[in-house]
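Peer 1: So I've got this file, upload-v4.cif, and it contains mmCIF, C-alpha atoms and all ligand atoms:
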data_my_file
#
loop_
_atom_site.label_atom_id
_atom_site.label_comp_id
_atom_site.auth_asym_id
_atom_site.auth_seq_id
_atom_site.Cartn_x
_atom_site.Cartn_y
_atom_site.Cartn_z
CA MET X 761 -16.19 -1.76 -9.52
CA GLU X 762 -19.33 -3.51 -10.83
CA LEU X 763 -22.31 -1.17 -11.05
CA SER X 764 -25.84 -2.43 -10.53
CA ASN X 765 -28.49 -1.83 -13.17
CA ARG X 766 -30.02 0.87 -11.05
CA GLN X 767 -26.67 2.60 -10.58
CA GLU X 768 -26.13 2.54 -14.36
CA GLN X 769 -29.60 4.08 -14.79
CA ILE X 770 -28.80 6.82 -12.29
CA ILE X 771 -25.59 7.67 -14.13
CA GLU X 772 -27.50 7.92 -17.44
CA ILE X 773 -30.10 10.23 -15.89
CA VAL X 774 -27.46 12.49 -14.36
CA LYS X 775 -25.41 12.46 -17.57
CA GLU X 776 -28.38 13.77 -19.54
CA ASN X 777 -30.02 16.01 -16.97
CA GLY X 778 -27.38 17.07 -14.48
CA PRO X 779 -27.29 19.07 -12.35
CA ILE X 780 -30.28 17.22 -10.98
CA THR X 781 -31.50 16.74 -7.40
CA GLY X 782 -31.80 13.36 -5.72
CA GLU X 783 -35.54 13.95 -5.50
CA LYS X 784 -35.86 14.33 -9.28
CA ILE X 785 -33.70 11.26 -9.97
CA ALA X 786 -35.98 9.30 -7.63
CA ASP X 787 -39.09 10.59 -9.48
CA ARG X 788 -37.73 9.46 -12.82
CA LEU X 789 -37.08 5.98 -11.49
CA SER X 790 -40.40 5.92 -9.59
CA LEU X 791 -38.53 5.21 -6.37
CA THR X 792 -38.34 7.04 -3.07
CA ARG X 793 -35.41 9.27 -2.24
CA ALA X 794 -34.59 6.97 0.70
CA THR X 795 -34.35 3.91 -1.54
CA LEU X 796 -31.94 5.74 -3.79
CA ARG X 797 -29.72 7.15 -1.06
CA PRO X 798 -27.25 4.22 -0.78
CA ASP X 799 -26.77 4.14 -4.58
CA LEU X 800 -26.13 7.87 -4.71
CA ALA X 801 -23.68 7.57 -1.84
CA ILE X 802 -21.77 4.78 -3.60
CA LEU X 803 -21.66 6.62 -6.94
CA THR X 804 -20.46 9.80 -5.25
CA MET X 805 -17.82 8.04 -3.17
CA ALA X 806 -16.56 6.12 -6.17
CA GLY X 807 -16.22 9.39 -8.10
CA PHE X 808 -18.77 8.83 -10.89
CA LEU X 809 -21.00 11.62 -9.58
CA GLU X 810 -20.31 14.80 -7.71
CA ALA X 811 -22.85 16.24 -5.27
CA ARG X 812 -23.15 20.00 -4.77
CA PRO X 813 -25.32 21.17 -1.89
CA ARG X 814 -28.56 22.87 -3.02
CA VAL X 815 -27.68 22.28 -6.69
CA GLY X 816 -27.71 18.55 -7.20
CA TYR X 817 -25.71 15.79 -8.81
CA PHE X 818 -23.24 16.22 -11.68
CA TYR X 819 -21.69 13.54 -13.85
CA THR X 820 -17.91 13.79 -13.46
CA GLY X 821 -17.24 12.23 -16.86
CA LYS X 822 -14.56 9.96 -15.49
CA THR X 823 -14.29 6.39 -16.74
CA GLY X 824 -13.89 3.42 -14.44
CA THR X 825 -10.21 3.17 -15.35
CA GLU X 826 -9.56 6.84 -14.60
CA LEU X 827 -11.27 6.47 -11.24
CA LEU X 828 -9.29 3.33 -10.45
CA THR X 829 -6.05 5.11 -11.31
CA GLU X 830 -6.97 8.05 -9.08
CA GLN X 831 -7.72 5.62 -6.29
CA ILE X 832 -4.39 3.77 -6.61
CA LYS X 833 -2.45 7.04 -6.68
CA LYS X 834 -3.91 7.97 -3.29
CA PHE X 835 -2.70 4.89 -1.37
CA LYS X 836 -0.21 5.93 1.31
CA VAL X 837 2.48 3.80 2.93
CA HIS X 838 1.04 4.18 6.46
CA GLU X 839 -2.29 2.66 5.38
CA TYR X 840 -0.57 -0.57 4.34
CA GLN X 841 2.71 -0.93 6.23
CA HIS X 842 3.33 -4.03 8.32
CA VAL X 843 5.32 -4.49 11.52
CA PRO X 844 9.06 -4.60 10.73
CA ILE X 845 11.13 -7.55 11.87
CA VAL X 846 14.50 -6.35 13.07
CA VAL X 847 17.66 -8.01 14.40
CA LYS X 848 20.70 -6.53 16.08
CA GLU X 849 24.00 -6.23 14.17
CA ASN X 850 25.76 -8.77 16.36
CA VAL X 851 23.31 -11.65 16.12
CA SER X 852 24.67 -14.65 14.25
CA VAL X 853 23.70 -15.60 10.73
CA TYR X 854 22.23 -18.77 12.26
CA ASP X 855 19.94 -16.76 14.54
CA ALA X 856 18.93 -14.47 11.69
CA ILE X 857 17.90 -17.51 9.64
CA SER X 858 15.87 -18.78 12.61
CA THR X 859 14.20 -15.38 12.96
CA MET X 860 13.29 -15.38 9.28
CA PHE X 861 11.56 -18.74 9.66
CA LEU X 862 9.90 -17.93 12.97
CA GLU X 863 8.58 -14.55 11.85
CA ASP X 864 7.74 -15.82 8.36
CA VAL X 865 9.35 -12.90 6.51
CA GLY X 866 11.78 -12.68 3.62
CA THR X 867 13.61 -9.50 4.65
CA LEU X 868 15.13 -8.60 8.01
CA PHE X 869 16.24 -5.11 8.97
CA VAL X 870 19.39 -4.74 11.04
CA VAL X 871 19.68 -2.13 13.78
CA ASP X 872 22.34 -0.98 16.24
CA ASP X 873 22.03 -0.45 20.01
CA THR X 874 20.16 2.83 19.49
CA ALA X 875 17.58 1.04 17.28
CA THR X 876 19.00 2.86 14.27
CA LEU X 877 18.86 1.20 10.85
CA THR X 878 22.26 -0.08 9.76
CA GLY X 879 21.50 -2.86 7.26
CA VAL X 880 19.19 -5.24 5.41
CA LEU X 881 19.28 -9.03 5.12
CA SER X 882 17.49 -10.84 2.34
CA ARG X 883 16.93 -14.55 1.95
CA LYS X 884 19.70 -14.81 -0.59
CA ASP X 885 22.17 -12.92 1.64
CA LEU X 886 21.66 -15.60 4.29
CA LEU X 887 21.73 -18.40 1.74
CA ARG X 888 25.00 -17.08 0.31
CA ALA X 889 26.56 -16.98 3.77
CA SER X 890 25.34 -20.51 4.41
CA ILE X 891 27.08 -22.11 1.46
CA GLY X 892 30.47 -20.72 2.51
CA GLN X 893 32.83 -22.43 4.89
CA GLN X 894 32.10 -20.18 7.88
CA ASP X 895 30.48 -21.33 11.11
CA LEU X 896 27.02 -19.73 10.97
CA ASN X 897 26.92 -19.48 14.76
CA THR X 898 29.95 -17.23 14.92
CA VAL X 899 29.53 -14.96 11.89
CA PRO X 900 27.57 -11.82 12.91
CA VAL X 901 25.05 -10.49 10.39
CA HIS X 902 26.79 -7.12 10.04
CA ILE X 903 29.51 -8.92 8.04
CA ILE X 904 27.13 -10.08 5.34
CA MET X 905 24.31 -7.49 5.33
CA THR X 906 23.74 -4.75 2.76
CA ARG X 907 24.61 -1.67 4.75
CA MET X 908 23.75 2.00 5.07
CA PRO X 909 23.89 4.33 3.23
CA ASN X 910 22.98 1.90 0.44
CA ILE X 911 19.57 1.04 1.84
CA THR X 912 16.44 2.03 -0.03
CA VAL X 913 13.87 3.34 2.44
CA CYS X 914 10.43 4.97 2.43
CA ARG X 915 8.44 7.17 4.80
CA LYS X 916 4.92 6.81 6.13
CA ASP X 917 3.44 9.57 3.99
CA ASP X 918 4.98 8.33 0.72
CA LEU X 919 2.69 7.00 -1.98
CA LEU X 920 2.51 3.21 -2.15
CA LEU X 921 2.88 3.44 -5.93
CA GLU X 922 6.26 5.20 -5.54
CA VAL X 923 7.44 2.44 -3.24
CA ALA X 924 6.25 -0.19 -5.73
CA LYS X 925 8.37 1.54 -8.39
CA LYS X 926 11.40 1.48 -6.08
CA LEU X 927 10.96 -2.28 -5.52
CA MET X 928 10.89 -2.81 -9.27
CA ASN X 929 13.77 -0.47 -10.15
CA LYS X 930 16.09 -1.71 -7.41
CA GLN X 931 15.00 -5.34 -7.81
CA ILE X 932 14.42 -5.82 -4.11
CA ASP X 933 11.60 -7.50 -2.16
CA GLY X 934 11.05 -4.92 0.54
CA VAL X 935 11.92 -1.57 2.06
CA PRO X 936 11.83 -0.34 5.64
CA VAL X 937 9.48 2.49 6.58
CA VAL X 938 11.67 4.89 8.54
CA LYS X 939 11.52 8.08 10.55
CA ASP X 940 14.33 10.47 11.43
CA THR X 941 15.85 10.43 14.89
CA GLU X 942 18.88 12.12 16.40
CA HIS X 943 20.95 8.99 15.64
CA GLY X 944 19.78 8.36 12.06
CA LEU X 945 16.81 6.39 10.82
CA GLU X 946 14.47 4.39 13.04
CA VAL X 947 12.58 1.49 11.43
CA ILE X 948 8.83 1.83 12.06
CA GLY X 949 7.38 -0.49 9.43
CA ARG X 950 7.92 -2.51 6.30
CA ILE X 951 6.54 -2.53 2.78
CA THR X 952 7.16 -5.63 0.71
CA LYS X 953 5.98 -7.15 -2.54
CA THR X 954 3.33 -8.94 -0.47
CA THR X 955 2.04 -5.57 0.77
CA ILE X 956 1.63 -4.36 -2.79
CA THR X 957 -0.11 -7.58 -3.82
CA LYS X 958 -2.49 -7.24 -0.88
CA ALA X 959 -3.34 -3.64 -1.80
CA PHE X 960 -3.99 -4.76 -5.37
CA VAL X 961 -6.33 -7.58 -4.28
CA GLU X 962 -8.19 -5.29 -1.87
CA LEU X 963 -8.70 -2.74 -4.59
CA ILE X 964 -10.28 -5.27 -6.89
CA SER X 965 -12.59 -6.52 -4.15
CA ASP X 966 -13.76 -2.90 -3.72
CA GLU X 967 -12.79 -2.61 -0.09
CA HIS X 968 -11.47 0.84 -0.82
CA LEU X 969 -14.66 2.20 -2.34
P1 LIG S 1 16.70 -11.93 -2.45
O1 LIG S 1 18.14 -11.60 -2.70
O2 LIG S 1 16.53 -12.91 -1.33
O3 LIG S 1 15.96 -12.34 -3.68
P2 LIG S 1 16.08 -9.10 -2.49
O4 LIG S 1 15.87 -9.10 -3.98
O5 LIG S 1 15.17 -8.29 -1.65
O6 LIG S 1 15.98 -10.57 -1.93
O7 LIG S 1 17.57 -8.63 -2.18
C1 LIG S 1 18.58 -8.49 -3.15
C2 LIG S 1 19.78 -7.78 -2.53
O8 LIG S 1 19.42 -6.44 -2.23
C3 LIG S 1 20.27 -8.40 -1.22
O9 LIG S 1 21.66 -8.41 -1.18
C4 LIG S 1 19.71 -7.48 -0.14
O10 LIG S 1 20.56 -7.35 0.99
C5 LIG S 1 19.60 -6.16 -0.85
N1 LIG S 1 18.42 -5.40 -0.37
C6 LIG S 1 17.22 -5.88 0.01
N2 LIG S 1 16.40 -4.89 0.40
C7 LIG S 1 17.10 -3.74 0.26
C8 LIG S 1 16.83 -2.36 0.50
N3 LIG S 1 15.64 -1.94 0.98
N4 LIG S 1 17.80 -1.45 0.23
C9 LIG S 1 18.98 -1.86 -0.24
N5 LIG S 1 19.32 -3.12 -0.48
C10 LIG S 1 18.39 -4.07 -0.25
#
What does this structure look like when you write it as structure tokens?

Peer 2:
Amino acid sequence: MELSNRQEQIIEIVKENGPITGEKIADRLSLTRATLRPDLAILTMAGFLEARPRVGYFYTGKTGTELLTEQIKKFKVHEYQHVPIVVKENVSVYDAISTMFLEDVGTLFVVDDTATLTGVLSRKDLLRASIGQQDLNTVPVHIIMTRMPNITVCRKDDLLLEVAKKLMNKQIDGVPVVKDTEHGLEVIGRITKTTITKAFVELISDEHL
């Protein structure tokens, strides 16, 4: 996060004089309290300063990098998850390929009649099936999918960073966000490499501060 000159000045004042009230910071800068309010709010929200009622502002002593790291560690799956694209186990490889193009995704999740997760289809799974001799209209996806229990999943309250690590360690492009049901796991979302990239870009453009 880029700080304005005034915000840098405020941090210096609080560093040297904290705890100090907003009123006194304003005096030192020859500004009104109202003019300063947005800057103080930003610095507090971003974690540079801490405000204690009736005492004033403290300098937290955290560097920009420390604050950024804290921020990233707080991202939860449910804040970023996208709608999952699912297909039934019996659809043909041909239809799964069509779905992938139509929905513009790289990973499809496969479910049974109770909407329970049974498998995953990646681009390469479908490509591999396509270069064989089979008729793509007759081969159902459950023949070629990666199946449960070998599916890596995540839950809505997991940390996005943990999911990013799973994607790296398992060398996969996406994981389903699941919840438990009486039948097994229901797919309620998806986290992919694109999701992580989006979170990263948003962070840099300060939308989270
Ligand atoms: P691609 O193979 O198209 O590059 P991935 O790297 O995501 O895409 O997939 C690699 C293999 O891992 C594929 O066989 C796929 O079925 C499987 N796979 C993909 N996602 C998962 C997952 N969440 N859990 C387990 N296996 C997965």

Peer 1: Nearest to Asp855 in chain X among X:Thr898, X:Ser764, X:Thr820, X:Gln841, with distances taken over only C-alpha atoms: which residue is it?

Peer 2: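 Smallest separation from Asp855 in chain X among the options: X:Thr898.
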
Peer 1: Leaving out Phe835 in chain X and any residue of its chain fewer than 3 positions from it, which residues lie within 7 Å of it when counting all atoms listed in the file, given as an NGL selection string?

Peer 2: :X and (832 or 919-920)

Peer 1: What are the closest atom pairs, with distances in Å to one decimal, for each residue of chain X lying within 10 Å of ligand LIG 1 (chain S), using only C-alpha atoms and all ligand atoms, rows by chain and rising residue number, as CSV?

Peer 2:
residue,atom,partner,partner_atom,distance
X:Gly866,CA,S:LIG1,O2,6.9
X:Thr867,CA,S:LIG1,O5,6.6
X:Leu868,CA,S:LIG1,N2,8.6
X:Phe869,CA,S:LIG1,N2,8.6
X:Gly879,CA,S:LIG1,O10,7.8
X:Val880,CA,S:LIG1,O10,5.1
X:Leu881,CA,S:LIG1,O10,4.6
X:Ser882,CA,S:LIG1,O2,4.3
X:Arg883,CA,S:LIG1,O2,3.7
X:Lys884,CA,S:LIG1,O2,3.8
X:Asp885,CA,S:LIG1,O9,5.3
X:Leu886,CA,S:LIG1,O2,8.1
X:Leu887,CA,S:LIG1,O2,8.2
X:Arg888,CA,S:LIG1,O1,9.3
X:Ile904,CA,S:LIG1,O10,8.3
X:Met905,CA,S:LIG1,O10,5.7
X:Thr906,CA,S:LIG1,O10,4.5
X:Arg907,CA,S:LIG1,C9,7.5
X:Met908,CA,S:LIG1,C9,8.1
X:Pro909,CA,S:LIG1,C9,8.6
X:Asn910,CA,S:LIG1,C9,5.5
X:Ile911,CA,S:LIG1,N4,3.5
X:Thr912,CA,S:LIG1,N4,3.7
X:Val913,CA,S:LIG1,N3,5.8
X:Cys914,CA,S:LIG1,N3,8.8
X:Lys926,CA,S:LIG1,N3,8.9
X:Leu927,CA,S:LIG1,N3,8.0
X:Met928,CA,S:LIG1,O4,9.6
X:Lys930,CA,S:LIG1,C9,7.7
X:Gln931,CA,S:LIG1,O4,5.4
X:Ile932,CA,S:LIG1,O5,3.6
X:Asp933,CA,S:LIG1,O5,3.7
X:Gly934,CA,S:LIG1,N2,5.4
X:Val935,CA,S:LIG1,N3,3.9
X:Pro936,CA,S:LIG1,N3,6.2
X:Val937,CA,S:LIG1,N3,9.4
X:Arg950,CA,S:LIG1,N3,9.4
X:Ile951,CA,S:LIG1,N3,9.3
X:Thr952,CA,S:LIG1,O5,8.8
X:Lys953,CA,S:LIG1,O5,9.3

Peer 1: Hey, what's within 9 Å of Asn897 in chain X if we count all atoms listed in the file and toss same-chain stuff fewer than 5 positions away? As a list in words, please?

Peer 2: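 So the residues in contact are Val851, Ser852, Val853, Tyr854 and Asp855 of chain X.
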
Peer 1: Around the point (17.6, -13.4, 12.2) in the file's coordinates, collect all residues with an atom within 6 Å, using all atoms listed in the file, and return them as a PyMOL selection string.

Peer 2: chain X and resi 847+855-860

Peer 1: Kindly save the residues from that selection, with C-alpha atoms included, as a compact mmCIF listing (two decimals), in the frame of the given file.

Peer 2:
# COMPACT_ATOMS: atom_id res chain seq x y z
CA VAL X 847 17.66 -8.01 14.40
CA ASP X 855 19.94 -16.76 14.54
CA ALA X 856 18.93 -14.47 11.69
CA ILE X 857 17.90 -17.51 9.64
CA SER X 858 15.87 -18.78 12.61
CA THR X 859 14.20 -15.38 12.96
CA MET X 860 13.29 -15.38 9.28

Peer 1: Could you jot down the CA of Gln767 in chain X to CA of Pro813 in chain X separation for me, Å, one decimal place?

Peer 2: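 Going from CA of Gln767 in chain X over to CA of Pro813 in chain X covers 20.5 Å.
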
Peer 1: For a quick check of understanding, using all atoms listed in the file, which of X:Pro900, X:Gly821, X:Pro844, X:Gly944 has the smallest distance to Gly778 in chain X?

Peer 2: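 The closest residue to Gly778 in chain X is X:Gly821.
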
Peer 1: Find the residues around Thr823 in chain X up to 8 Å (only C-alpha atoms counted), leave out those fewer than 3 positions away in its own chain, and share them as a ChimeraX atom specification.

Peer 2: /X:808,826-827

Peer 1: Grab the CA of Ile903 in chain X to CA of His943 in chain X distance for me, in Å with one decimal place.

Peer 2: 21.3 Å

Peer 1: Smallest atom-to-atom distance to Ile770 in chain X: which of X:Lys848, X:Arg788, X:Arg812, X:Arg915, using all atoms listed in the file?

Peer 2: X:Arg788

Peer 1: So that I can see what lies close to Thr874 in chain X, please list as a tab-separated table (two decimals) with C-alpha atoms, in the coordinates of the input the residues with an atom at most 12 Å from it, counting all atoms listed in the file and leaving out residues fewer than 4 positions away in the same chain.

Peer 2:
chain	number	residue	atom	x	y	z
X	848	LYS	CA	20.70	-6.53	16.08
X	849	GLU	CA	24.00	-6.23	14.17
X	870	VAL	CA	19.39	-4.74	11.04
X	878	THR	CA	22.26	-0.08	9.76
X	941	THR	CA	15.85	10.43	14.89
X	942	GLU	CA	18.88	12.12	16.40
X	943	HIS	CA	20.95	8.99	15.64
X	944	GLY	CA	19.78	8.36	12.06
X	945	LEU	CA	16.81	6.39	10.82
X	946	GLU	CA	14.47	4.39	13.04
X	947	VAL	CA	12.58	1.49	11.43
